[in-house]
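J.: I have a structure I would like to understand better, so I am pasting it below and will then ask my questions one at a time.
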Amino acid sequence: MGKSHFQSPRGTRDIVSPESDYIKFLVDTFAEHLSTAAYGQIVSPIFEDVGVFQRIGENTEIVSKEMFDFYDKDVKDPQHLALRPELTASICRAFAQHRPITPWKVWYSGPQFRYEKPQAGRYRQFLQVGAEVLGTSDPGADIEIISLAWAFFQRIGLRNTQLLINSLGDPESRNRYNDELAKYLDDRKQELSEQSIVTLKTNPLRVLDSKREKDQEVIDEAPVMESFLNEESAQHFKEVKDGLEVLGVPFKISPRLVRGLDYYTRTTFEFISPSLDTAQNAIGGGGRYDGLVEALGGPETEGIGFAVGIDRTLLACEAEKVVFDLDIGTDVFVVDTTGGREALLLSHELRQLAIKTDRSFGGRSMKGQMKAADRSGARYAIIIGTDELEENQVTLRDLRGEGQQTLVPRDMIGKNLLTILQEK
């Protein structure tokens, strides 16, 4: 076959079965998991006014380099829009717009878009699930959010996940730390990579997020945020840690953990998978963002949330050899050599009974249809030939055993199959 003229854009991909089935399983499991904690789903626009995302920090690479932005087609007043690079800002915009009763607990699922170098588990269009709680500063909300994320990874079968937590303090604590960190990094900037020297000029905290080998010694010896927390921030962090211990959620304090977005305050956390043999081993994370709703035009509102990267989570599942118990195969394949009318009717009847049914098209021979039945992965074939049609019967053949087959009255095949499939 010749190469197709059109290919999926760089950094994107076509996701087909069975991977698409795995993704559906993860999203469905997440939805069920969050519903047990009274979180409702929110579906927000894939694109927003570019200003929504500029509020997450002009100095972050997501805003300065990675957003897909464009103008709409309004000739008189074109609106500057952007495909969403993350969802927390969209959730906060929705809160500011609709002013729901607090605490507002929501979960989401959907694609995000970032113009970055494609690599394993990281695409320019990628899928995330996540959850947010807005309208409370209670450390209990932090504990709930973190423990729900932890339990989700456990629920899908991951056993090698590690939770890292830190506190960035309130704005006062963070500003004092940022000043001290900037001074320290400036004194040692000759030891930093060129990329970190550039980052230092705009956002010293983001230097701590560098994974480049040249930067590690400087980062390891940098002052730590926890030493700069005021009393209120330190007490908040203590209560979060105590609550996680009560729930038996294991964690490690990571004093260099700052995450990649400017809006985080106080609690910040990340889930990593040591099973992934790469420096980019984070599979989820989040934190508090107590000033973001206000920055988007809403009232002063506290918030905390997390997001899980589905693509990288699947890689972690693969690395840990997690097996999903999915019933995604075909139950029955209808083979009809009498013209196709019986295949049409019987397929429809069986699907009405929620029996997963496939059939052949194009008037193929018995041999051709049986080959198609075998390729389909179906457990059983229902064969309708001239003899069966005259006797008002069908032949039920086991395709996965020793090929046993029995004659079944035509009007009983649905009931018989339901019984057989339930026993399996």
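How things are named: the first chain in the structure tokens is A, the next is B, and so on; residues count from 1 in each chain; ligands count from 1 in the order shown.
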What are the DSSP helix (DSSP H, G or I) residues of range 52-233 of chain A, as a PyMOL selection string?

T.: chain A and resi 52-54+61-66+88-98+139-155+171-187+189-191+194-202+204-207+213-220+225-228+231-233

J.: Please determine, counting only C-alpha atoms, which residue among A:Ser35, A:Pro255, A:Val334, A:Pro118 has the shortest atom-to-atom distance to Lys371 in chain A.

T.: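 Under the stated criterion, the closest residue is A:Val334.
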
J.: Just checking: using only C-alpha atoms, which residue out of A:Lys211, A:Gln280, A:Gln79, A:Ser275 ends up closest to Ala319 in chain A?

T.: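 Looking only at the distances to Ala319 in chain A, the closest residue turns out to be A:Ser275.
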
J.: I'd like to know which of A:Val322, A:Ala381, A:Leu276, A:Leu185 is closest to Gln154 in chain A, using only C-alpha atoms.

T.: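 Distance minimum relative to Gln154 in chain A lands on A:Val322.
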